Structures are given as structure tokens and as C-alpha cells.
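Source file input_36.txt; content: compact mmCIF, C-alpha atoms.
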```txt
# COMPACT_ATOMS: atom_id res chain seq x y z
CA MET A 5 -6.09 -19.48 26.36
CA PRO A 6 -5.45 -16.12 24.69
CA ASP A 7 -7.04 -12.97 26.10
CA TYR A 8 -9.68 -12.46 23.39
CA ARG A 9 -11.04 -9.26 24.93
CA HIS A 10 -7.65 -7.59 24.77
CA ALA A 11 -7.09 -8.89 21.25
CA LEU A 12 -10.39 -7.39 20.11
CA ILE A 13 -9.50 -4.02 21.68
CA ILE A 14 -6.15 -4.04 19.85
CA ILE A 15 -7.85 -4.84 16.54
CA ILE A 16 -10.44 -2.07 17.02
CA VAL A 17 -7.82 0.51 18.06
CA MET A 18 -5.57 -0.35 15.12
CA GLY A 19 -8.59 -0.35 12.83
CA ALA A 20 -9.59 3.12 14.06
CA ALA A 21 -6.07 4.44 13.50
CA THR A 22 -6.01 2.97 10.01
CA LEU A 23 -9.44 4.45 9.26
CA ALA A 24 -8.21 7.86 10.46
CA THR A 25 -5.46 7.86 7.82
CA ARG A 26 -8.11 7.22 5.18
CA ILE A 27 -10.90 9.55 6.35
CA LEU A 28 -9.18 12.54 8.04
CA PRO A 29 -7.79 14.00 4.78
CA VAL A 30 -11.33 13.89 3.37
CA LEU A 31 -12.83 15.56 6.46
CA ILE A 32 -10.19 18.31 6.30
CA PHE A 33 -10.23 19.02 2.56
CA GLY A 34 -13.41 17.37 1.37
CA ARG A 35 -15.86 20.05 2.57
CA ASN A 36 -14.34 22.97 0.69
CA GLU A 37 -16.10 23.85 -2.51
CA ARG A 38 -12.70 24.27 -4.10
CA ILE A 39 -9.76 22.14 -3.09
CA PRO A 40 -6.63 24.33 -2.92
CA ASP A 41 -4.45 24.07 -6.06
CA LEU A 42 -1.59 22.78 -3.95
CA VAL A 43 -3.67 19.83 -2.73
CA LEU A 44 -4.75 19.00 -6.28
CA TYR A 45 -1.14 19.19 -7.44
CA LEU A 46 -0.06 16.85 -4.63
CA GLY A 47 -2.88 14.49 -5.53
CA ARG A 48 -1.51 14.30 -9.06
CA VAL A 49 2.20 13.83 -8.27
CA VAL A 50 2.06 11.88 -5.01
CA PRO A 51 1.05 8.59 -6.71
CA PHE A 52 4.34 8.76 -8.59
CA THR A 53 6.32 8.99 -5.33
CA ALA A 54 4.15 6.53 -3.39
CA MET A 55 5.19 3.43 -5.34
CA GLY A 56 8.89 4.05 -4.63
CA LEU A 57 8.05 4.59 -0.97
CA LEU A 58 6.07 1.34 -0.84
CA ILE A 59 8.81 -0.67 -2.56
CA VAL A 60 11.37 0.54 -0.01
CA TYR A 61 8.84 -0.11 2.78
CA CYS A 62 8.38 -3.71 1.61
CA LEU A 63 12.14 -4.20 1.60
CA LYS A 64 12.75 -2.47 4.94
CA ASP A 65 13.90 -5.62 6.75
CA VAL A 66 16.37 -6.67 4.06
CA SER A 67 20.00 -6.21 5.00
CA VAL A 68 22.67 -5.64 2.37
CA LEU A 69 25.41 -6.21 4.92
CA GLN A 70 24.32 -9.57 6.29
CA ASP A 71 24.27 -12.85 4.42
CA PRO A 72 22.73 -13.40 1.79
CA HIS A 73 23.33 -9.70 1.01
CA ALA A 74 19.85 -9.09 -0.42
CA LEU A 75 20.62 -11.45 -3.31
CA PRO A 76 17.16 -13.14 -3.38
CA GLU A 77 15.49 -9.71 -3.52
CA VAL A 78 17.84 -8.41 -6.24
CA ILE A 79 17.38 -11.52 -8.40
CA ALA A 80 13.59 -11.64 -7.97
CA LEU A 81 13.18 -7.89 -8.61
CA ALA A 82 15.31 -8.23 -11.75
CA ALA A 83 13.00 -11.06 -12.87
CA VAL A 84 9.91 -8.91 -12.21
CA THR A 85 11.39 -5.99 -14.17
CA VAL A 86 12.53 -8.07 -17.16
CA THR A 87 9.28 -10.05 -17.43
CA TYR A 88 7.23 -6.86 -17.08
CA LEU A 89 9.16 -5.01 -19.80
CA TRP A 90 8.76 -8.10 -21.96
CA LYS A 91 5.04 -8.97 -21.43
CA LYS A 92 3.60 -5.79 -19.81
CA ASN A 93 1.40 -8.14 -17.75
CA PRO A 94 1.48 -7.33 -14.01
CA ILE A 95 -0.06 -10.62 -12.87
CA PHE A 96 2.43 -12.68 -14.88
CA SER A 97 5.37 -10.71 -13.44
CA VAL A 98 4.06 -10.84 -9.85
CA VAL A 99 3.54 -14.63 -10.00
CA MET A 100 6.91 -15.30 -11.66
CA GLY A 101 8.78 -13.02 -9.25
CA THR A 102 7.07 -14.39 -6.15
CA VAL A 103 7.52 -18.07 -7.07
CA LEU A 104 11.18 -17.43 -7.88
CA TYR A 105 11.64 -15.52 -4.62
CA MET A 106 9.99 -18.26 -2.52
CA PHE A 107 12.20 -20.86 -4.21
CA LEU A 108 15.30 -18.76 -3.53
CA VAL A 109 14.61 -18.09 0.16
CA GLN A 110 13.38 -21.63 0.90
CA LYS A 111 15.77 -23.80 -1.12
CA VAL A 112 18.82 -21.82 -2.23
CA PHE A 113 19.83 -19.27 0.40
CA MET B 95 -2.39 -15.80 13.76
CA GLN B 96 -3.00 -19.55 14.12
CA LYS B 97 0.37 -19.85 15.82
CA HIS B 98 -0.75 -17.34 18.46
CA GLY B 99 -3.98 -19.21 19.22
CA PHE B 100 -6.39 -17.18 17.09
CA GLY B 101 -8.59 -19.05 14.61
CA TRP B 102 -9.61 -18.05 11.09
CA ILE B 103 -12.58 -16.01 12.38
CA TRP B 104 -10.01 -13.66 13.88
CA SER B 105 -8.16 -13.33 10.59
CA MET B 106 -11.46 -12.42 8.95
CA VAL B 107 -12.56 -9.94 11.63
CA SER B 108 -9.14 -8.30 11.45
CA GLY B 109 -9.47 -8.19 7.66
CA ILE B 110 -12.78 -6.33 7.89
CA ILE B 111 -12.00 -3.93 10.76
CA ILE B 112 -8.40 -3.04 9.91
CA PHE B 113 -8.44 -3.89 6.20
CA SER B 114 -4.77 -3.20 5.62
CA GLY B 115 -2.35 -6.06 5.07
CA THR B 116 0.63 -4.36 6.63
CA VAL B 117 -1.30 -3.21 9.72
CA GLN B 118 -2.90 -6.66 10.13
CA PHE B 119 0.52 -8.24 9.87
CA VAL B 120 1.91 -5.95 12.56
CA SER B 121 -1.17 -6.45 14.76
CA VAL B 122 -0.55 -10.19 15.17
CA SER B 123 2.40 -9.64 17.49
CA MET B 124 0.35 -7.19 19.61
CA LEU B 125 -2.89 -9.16 20.01
CA SER B 126 -1.72 -10.84 23.16
CA GLY B 127 -0.42 -8.29 25.62
CA GLY B 128 0.51 -5.35 23.39
CA ALA B 129 0.08 -1.84 24.82
CA VAL B 130 -2.95 -0.05 23.35
CA ILE B 131 -1.15 3.28 22.79
CA MET B 132 1.75 1.57 20.99
CA ALA B 133 -0.72 -0.33 18.84
CA ALA B 134 -2.44 2.92 17.80
CA LEU B 135 0.84 4.71 17.00
CA THR B 136 2.24 1.76 15.07
CA ALA B 137 -0.95 1.48 13.01
CA LEU B 138 -0.85 5.22 12.27
CA MET B 139 2.73 4.92 11.03
CA VAL B 140 2.31 1.82 8.98
CA ALA B 141 -0.96 3.04 7.48
CA ALA B 142 0.24 6.61 6.95
CA ARG B 143 0.55 6.05 3.21
CA HIS B 144 -3.27 6.02 3.04
CA ILE B 145 -3.16 9.78 3.67
CA PHE B 146 -1.48 10.05 0.26
CA PHE B 147 -4.04 7.76 -1.30
CA SER B 148 -7.03 9.63 0.14
CA ILE B 149 -5.73 13.10 -0.79
CA SER B 150 -5.21 12.06 -4.37
CA MET B 151 -8.71 10.56 -4.59
CA ILE B 152 -10.64 13.53 -3.09
CA GLY B 153 -11.09 15.12 -6.51
CA ARG B 154 -11.98 11.84 -8.19
CA TYR B 155 -14.54 10.83 -5.54
CA ARG B 156 -16.06 14.30 -5.23
CA GLU B 157 -19.34 13.41 -6.95
CA GLU B 158 -19.84 10.06 -5.22
CA GLY B 159 -22.16 11.35 -2.45
CA ARG B 160 -22.61 8.92 0.44
CA ARG B 161 -20.85 6.15 -1.43
CA LYS B 162 -17.58 7.99 -0.98
CA TRP B 163 -17.39 7.06 2.72
CA TYR B 164 -17.27 3.42 1.74
CA LEU B 165 -14.82 4.14 -1.09
CA PHE B 166 -12.46 5.92 1.33
CA TYR B 167 -12.80 3.36 4.13
CA ALA B 168 -11.98 0.54 1.69
CA LEU B 169 -9.27 2.40 -0.23
CA CYS B 170 -6.35 -0.03 -0.22
CA ASP B 171 -3.11 -0.41 -2.17
CA GLU B 172 -4.62 -2.55 -4.92
CA THR B 173 -7.74 -0.41 -5.38
CA TYR B 174 -5.60 2.71 -5.38
CA ALA B 175 -3.21 1.23 -7.94
CA MET B 176 -6.18 0.48 -10.22
CA LEU B 177 -8.27 3.63 -9.77
CA SER B 178 -5.56 6.31 -9.63
CA ARG B 179 -4.51 5.46 -13.19
CA ASP B 180 -7.77 6.88 -14.53
CA ASP B 181 -8.03 4.25 -17.23
CA ILE B 182 -11.71 3.46 -16.65
CA PRO B 183 -12.91 1.80 -19.87
CA LYS B 184 -14.91 4.07 -22.19
CA GLY B 185 -18.69 3.66 -22.01
CA VAL B 186 -18.54 2.28 -18.48
CA ASN B 187 -20.22 4.15 -15.60
CA ALA B 188 -17.22 5.48 -13.65
CA SER B 189 -19.06 5.48 -10.35
CA ALA B 190 -20.23 1.86 -10.66
CA TYR B 191 -16.77 0.82 -11.87
CA ARG B 192 -15.16 2.35 -8.77
CA MET B 193 -17.66 0.74 -6.41
CA LEU B 194 -17.21 -2.68 -8.01
CA VAL B 195 -13.41 -2.53 -8.10
CA THR B 196 -13.35 -1.42 -4.44
CA LEU B 197 -15.92 -3.99 -3.33
CA PHE B 198 -14.24 -6.80 -5.25
CA ASP B 199 -10.79 -5.94 -3.88
CA GLN B 200 -12.13 -5.83 -0.32
CA SER B 201 -14.14 -9.06 -0.60
CA SER B 202 -11.23 -10.93 -2.08
CA TRP B 203 -9.00 -9.62 0.69
CA VAL B 204 -11.37 -10.56 3.51
CA LEU B 205 -12.03 -13.95 1.92
CA GLY B 206 -8.28 -14.39 1.45
CA SER B 207 -7.70 -13.53 5.13
CA ALA B 208 -10.21 -16.21 6.16
CA LEU B 209 -8.89 -18.83 3.72
CA GLY B 210 -5.33 -18.01 4.77
CA GLY B 211 -6.37 -18.58 8.37
CA ILE B 212 -7.97 -21.93 7.52
CA ALA B 213 -5.09 -23.02 5.29
CA GLY B 214 -2.58 -21.98 7.93
CA SER B 215 -4.22 -24.33 10.42
CA ILE B 216 -4.53 -27.41 8.19
CA LEU B 217 -1.89 -27.26 5.43
CA PRO B 218 1.78 -27.88 6.13
CA PHE B 219 2.51 -25.40 3.31
CA ASP B 220 5.69 -23.36 3.60
CA SER B 221 4.60 -19.86 2.63
CA THR B 222 7.92 -18.23 3.52
CA GLY B 223 8.57 -15.45 1.03
CA ILE B 224 4.99 -15.07 -0.19
CA ASP B 225 5.01 -11.45 1.04
CA PHE B 226 7.21 -10.70 -1.94
CA ALA B 227 4.03 -10.53 -4.06
CA MET B 228 3.39 -7.05 -2.62
CA THR B 229 6.90 -5.86 -3.54
CA ALA B 230 6.53 -7.32 -7.02
CA LEU B 231 3.13 -5.66 -7.56
CA PHE B 232 4.42 -2.24 -6.52
CA THR B 233 7.43 -2.73 -8.78
CA THR B 234 5.29 -3.39 -11.85
CA VAL B 235 3.18 -0.28 -11.09
CA PHE B 236 6.39 1.71 -10.62
CA ILE B 237 7.73 0.62 -14.02
CA GLN B 238 4.42 1.41 -15.75
CA GLN B 239 4.33 4.87 -14.14
CA TRP B 240 7.92 5.45 -15.26
CA ILE B 241 6.98 4.59 -18.85
CA ASP B 242 3.86 6.78 -18.70
CA SER B 243 5.42 9.94 -17.27
CA LYS B 244 7.65 12.59 -18.80
CA CYS B 245 9.05 13.87 -15.50
CA HIS B 246 10.83 11.28 -13.37
CA ILE B 247 11.58 13.54 -10.38
CA PRO B 248 8.65 12.19 -8.26
CA ALA B 249 9.56 8.54 -8.93
CA ILE B 250 13.24 9.07 -8.07
CA LEU B 251 12.28 11.17 -5.03
CA GLY B 252 10.01 8.44 -3.65
CA ILE B 253 12.78 5.83 -3.75
CA THR B 254 15.72 7.96 -2.60
CA ALA B 255 13.98 9.88 0.21
CA THR B 256 12.52 6.70 1.70
CA LEU B 257 15.78 4.77 1.34
CA LEU B 258 17.72 7.61 2.96
CA CYS B 259 15.29 7.77 5.89
CA ARG B 260 15.38 3.97 6.30
CA ILE B 261 19.18 4.19 6.67
CA LEU B 262 19.10 7.26 8.95
CA PHE B 263 16.08 6.50 11.17
CA GLY B 264 16.01 2.71 11.31
CA ARG B 265 13.31 0.26 10.32
CA ASP B 266 10.62 1.38 12.79
CA LEU B 267 10.60 5.15 12.42
CA PHE B 268 11.47 6.01 8.82
CA LEU B 269 8.03 6.32 7.21
CA ILE B 270 6.94 9.62 8.77
CA PRO B 271 10.20 11.53 8.08
CA ALA B 272 10.23 10.07 4.56
CA MET B 273 6.71 11.37 3.90
CA VAL B 274 7.56 14.80 5.34
CA ILE B 275 10.62 15.05 3.07
CA ILE B 276 8.68 13.85 0.02
CA LEU B 277 5.88 16.38 0.57
CA GLY B 278 8.43 19.15 1.28
CA VAL B 279 10.46 18.49 -1.87
CA LEU B 280 7.33 18.14 -4.03
CA ILE B 281 6.10 21.54 -2.79
CA LEU B 282 9.52 23.20 -3.22
CA MET B 283 10.01 21.80 -6.72
CA ARG B 284 6.42 22.33 -7.85
CA GLU B 285 7.22 24.79 -10.67
CA LYS B 286 9.93 22.59 -12.08
CA ILE B 287 7.83 19.41 -11.93
CA GLU B 288 4.75 21.07 -13.42
CA ALA B 289 6.87 22.67 -16.18
CA ALA B 290 8.34 19.26 -17.02
CA GLY B 291 4.83 17.90 -17.49
CA GLY B 292 5.16 15.18 -14.88
CA GLU B 293 1.75 15.92 -13.46
CA THR B 294 -0.28 15.63 -16.64
CA ASP B 295 -0.22 11.87 -16.73
CA ALA B 296 -0.91 11.28 -13.05
```
Structure encoded using C-alpha cells:
Amino acid sequence: MPDYRHALIIIIVMGAATLATRILPVLIFGRNERIPDLVLYLGRVVPFTAMGLLIVYCLKDVSVLQDPHALPEVIALAAVTVTYLWKKNPIFSVVMGTVLYMFLVQKVF
Amino acid sequence: MQKHGFGWIWSMVSGIIIFSGTVQFVSVSMLSGGAVIMAALTALMVAARHIFFSISMIGRYREEGRRKWYLFYALCDETYAMLSRDDIPKGVNASAYRMLVTLFDQSSWVLGSALGGIAGSILPFDSTGIDFAMTALFTTVFIQQWIDSKCHIPAILGITATLLCRILFGRDLFLIPAMVIILGVLILMREKIEAAGGETDA
């Protein structure tokens, strides 16, 4: 029998921490009549850095040194890139890439 | 979660309260017997990217009044990817569009969490590798941003700084230093990036 009370506390604490990352920036900068230019500039350019950060974050547990040397990831990412450049349809590329990746990690490697 | 003795209700509750896939994923291992302080710090680290999201939406959500608290609470990767591109269709009420996109993304996520919990307990379906959908989604957004922008410094910076920190700091600690470096370099190179026109399309 799991300790449900403890589990609920953990969920609430982690929820509060997650909420803080979403609301604190607004509480700090949101009240000013004018947001500083620097903050506006960061708001414009940060989205362009965030995707790279998220891609690396998603791949953080992949090891190039150990077998299978990140091959499933490389192949599936190549498939996502090629299909996206071809069709420009994100859903198509995500489905193709994910199905291919699942096949690779479950059946091939 | 099923494996750890928590039914689909728990998946759904976690989906509503935490509402972040990566944090929910990490939380599973801490539900039974994890230290509260560690749980808070880990959530802060994993969710730290939302600071970026919120900062870049302050200007856009300025006129939303009380609705903005919901918009910020429910600001997730998918909603951010859709609403930070500023391609709201012409003739559509921007405020209603934002609310609906946000609400739809959150409902589908919470519903998905519940269905995932139910499916996990009855289907013998091997979902190994399904997480790759997140990687693939971010990759398509990355490529589209690359096509749309004149200045590629921010895109290259995001990948290289994070990769470097992953190698230097290990898999558990790299996000915070990566974000510090990214913000630092963006501020230092501001004139160059603005001159190159990289910000105009953001």
C-alpha cells in the first residue's frame, strides 16, 4: 500500500515549484508600466535559443560512447528533419519520427 | 505510475497540479519516499525553462487582465510553441484564440494523462520510445525558426551552450548553468544580434 499522503505532498510541492517558474517572472516584471528594453529583447530572442535547449534536454540521457552510440536518435532526427523540409507539416514529421524511433529501439537495437 | 501502485486518478491529479510532462515524469520516482526538499529543487530545475516562456509572453499577455493568471499557469511547451510565433489568424480575436489554444492544450494533456494511466493498467502495449515525440516536436519548431530568422546566433547558442553544459556538469545539473550562459551571451551580444535582425521575426 503506497503512502498516498506523502505522494500528494510531493505532487503539491513539485506543482508549486513548477508554478513558481511560470508566475514569478510575471510578478517581478509584470507590474511595471514599462518593461525594461532588455527584458523585451530577451523575450524576443529567447524563444530562438529555447528550442535548442529543449532538444538537448530531451536527449540528455543518450550516450554517444555506449552501444548503440545514439544511432536510433540520429536516424530518427534525420527522418524528422527530411520529412519536415519536404512537407512542412509538424504533425506528419513528429508521427513519422516517433514511430520510426519506437521501431528502432524496440526491434532493431 | 501504475507500476508504483498509483491509479489513473493520480496521473490526472498530477496532470492538473503540476501540468508539466517532464516534471510529472520525474515526480513518479519520488512519490513513494522522496525527500520533499529534493522534490522541490528538482522540479525547479526541470521546469526552469518556463521562466523563459513567461518572460517572453509578458508583453503579449499584458492586456489579458485576470485571464493572464490562467494563461501563465497553463503555459506549457506546446502552447508556447503555438503562441510565441505570433501567427494568430487575421480577423480572429487574439485574446479568445489564446484562451482556447491554452485551454485545449491543457485539457488534452490532462485527458491524455488519465487515458495513459488507464491504458497503462490494461493494455500490454510497449510504449518504449514514445517520449521521442517531444524531441521530434521541438526539432520541427527549431527548423521552422531557423527558416524564419535572419540571425542564427540564438539558435546555435541554444544548442551549443546546453550541450557543453551537459558534458561539463552531467545529466542532473546542466540546465541552470546552461540558462545562465545563454542569458549572459544574449545580453553581451545584444547589439550584434539586433543589428543582424534576428529579433524582428521572434
Contacts of chain B with chain A up to 7 Å, shortest pair per row, only C-alpha atoms, as JSON lines:
```
{"residue": "B:Gly99", "atom": "CA", "partner": "A:Pro6", "partner_atom": "CA", "distance": 6.5}
{"residue": "B:Ser108", "atom": "CA", "partner": "A:Ile15", "partner_atom": "CA", "distance": 6.3}
{"residue": "B:Ile111", "atom": "CA", "partner": "A:Gly19", "partner_atom": "CA", "distance": 5.4}
{"residue": "B:Ile112", "atom": "CA", "partner": "A:Gly19", "partner_atom": "CA", "distance": 4.0}
{"residue": "B:Leu125", "atom": "CA", "partner": "A:Ala11", "partner_atom": "CA", "distance": 4.4}
{"residue": "B:Ser126", "atom": "CA", "partner": "A:Ala11", "partner_atom": "CA", "distance": 6.0}
{"residue": "B:Val130", "atom": "CA", "partner": "A:Ile14", "partner_atom": "CA", "distance": 6.2}
{"residue": "B:Ala133", "atom": "CA", "partner": "A:Met18", "partner_atom": "CA", "distance": 6.1}
{"residue": "B:Ala134", "atom": "CA", "partner": "A:Met18", "partner_atom": "CA", "distance": 5.3}
{"residue": "B:Ala137", "atom": "CA", "partner": "A:Met18", "partner_atom": "CA", "distance": 5.4}
{"residue": "B:Leu138", "atom": "CA", "partner": "A:Ala21", "partner_atom": "CA", "distance": 5.4}
{"residue": "B:Ala141", "atom": "CA", "partner": "A:Thr22", "partner_atom": "CA", "distance": 5.6}
{"residue": "B:Ala142", "atom": "CA", "partner": "A:Thr25", "partner_atom": "CA", "distance": 5.9}
{"residue": "B:His144", "atom": "CA", "partner": "A:Arg26", "partner_atom": "CA", "distance": 5.4}
{"residue": "B:Ile145", "atom": "CA", "partner": "A:Thr25", "partner_atom": "CA", "distance": 5.1}
{"residue": "B:Phe146", "atom": "CA", "partner": "A:Val50", "partner_atom": "CA", "distance": 6.6}
{"residue": "B:Ser148", "atom": "CA", "partner": "A:Arg26", "partner_atom": "CA", "distance": 5.7}
{"residue": "B:Ile149", "atom": "CA", "partner": "A:Gly47", "partner_atom": "CA", "distance": 5.7}
{"residue": "B:Ser150", "atom": "CA", "partner": "A:Gly47", "partner_atom": "CA", "distance": 3.6}
{"residue": "B:Ile152", "atom": "CA", "partner": "A:Gly34", "partner_atom": "CA", "distance": 6.5}
{"residue": "B:Phe166", "atom": "CA", "partner": "A:Arg26", "partner_atom": "CA", "distance": 6.0}
{"residue": "B:Tyr167", "atom": "CA", "partner": "A:Arg26", "partner_atom": "CA", "distance": 6.2}
{"residue": "B:Thr222", "atom": "CA", "partner": "A:Met106", "partner_atom": "CA", "distance": 6.4}
{"residue": "B:Gly223", "atom": "CA", "partner": "A:Met106", "partner_atom": "CA", "distance": 4.7}
{"residue": "B:Ile224", "atom": "CA", "partner": "A:Thr102", "partner_atom": "CA", "distance": 6.3}
{"residue": "B:Phe226", "atom": "CA", "partner": "A:Thr102", "partner_atom": "CA", "distance": 5.6}
{"residue": "B:Ala227", "atom": "CA", "partner": "A:Thr102", "partner_atom": "CA", "distance": 5.3}
{"residue": "B:Thr229", "atom": "CA", "partner": "A:Ile59", "partner_atom": "CA", "distance": 5.6}
{"residue": "B:Ala230", "atom": "CA", "partner": "A:Val98", "partner_atom": "CA", "distance": 5.1}
{"residue": "B:Leu231", "atom": "CA", "partner": "A:Val98", "partner_atom": "CA", "distance": 5.7}
{"residue": "B:Phe232", "atom": "CA", "partner": "A:Met55", "partner_atom": "CA", "distance": 5.8}
{"residue": "B:Thr233", "atom": "CA", "partner": "A:Ile59", "partner_atom": "CA", "distance": 6.7}
{"residue": "B:Thr234", "atom": "CA", "partner": "A:Pro94", "partner_atom": "CA", "distance": 5.9}
{"residue": "B:Phe236", "atom": "CA", "partner": "A:Met55", "partner_atom": "CA", "distance": 5.7}
{"residue": "B:Gln239", "atom": "CA", "partner": "A:Phe52", "partner_atom": "CA", "distance": 6.8}
{"residue": "B:Pro248", "atom": "CA", "partner": "A:Thr53", "partner_atom": "CA", "distance": 4.9}
{"residue": "B:Ala249", "atom": "CA", "partner": "A:Thr53", "partner_atom": "CA", "distance": 4.9}
{"residue": "B:Leu251", "atom": "CA", "partner": "A:Thr53", "partner_atom": "CA", "distance": 6.4}
{"residue": "B:Gly252", "atom": "CA", "partner": "A:Thr53", "partner_atom": "CA", "distance": 4.1}
{"residue": "B:Ile253", "atom": "CA", "partner": "A:Gly56", "partner_atom": "CA", "distance": 4.4}
{"residue": "B:Thr256", "atom": "CA", "partner": "A:Leu57", "partner_atom": "CA", "distance": 5.6}
{"residue": "B:Leu257", "atom": "CA", "partner": "A:Val60", "partner_atom": "CA", "distance": 6.3}
{"residue": "B:Arg265", "atom": "CA", "partner": "A:Lys64", "partner_atom": "CA", "distance": 6.1}
{"residue": "B:Glu293", "atom": "CA", "partner": "A:Val49", "partner_atom": "CA", "distance": 5.6}
{"residue": "B:Ala296", "atom": "CA", "partner": "A:Arg48", "partner_atom": "CA", "distance": 5.0}
```
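Picture a line from CA of Gln70 in chain A to CA of Lys111 in chain A; it runs 18.2 Å.
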What does the distance between CA of Gly211 in chain B and CA of Ala129 in chain B come to in Å, to one decimal place? 24.3 Å
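Atom pair CA of His246 in chain B / CA of Lys286 in chain B: separated by 11.4 Å.
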As AutoDock Vina command-line options, please: the centre and edge lengths in Å, to one decimal, of an axis-aligned box enclosing every listed atom of range 11-27 of chain A with 3 Å added on each side.
```
--center_x -8.2 --center_y 0.3 --center_z 13.4 --size_x 11.4 --size_y 24.4 --size_z 22.5
```
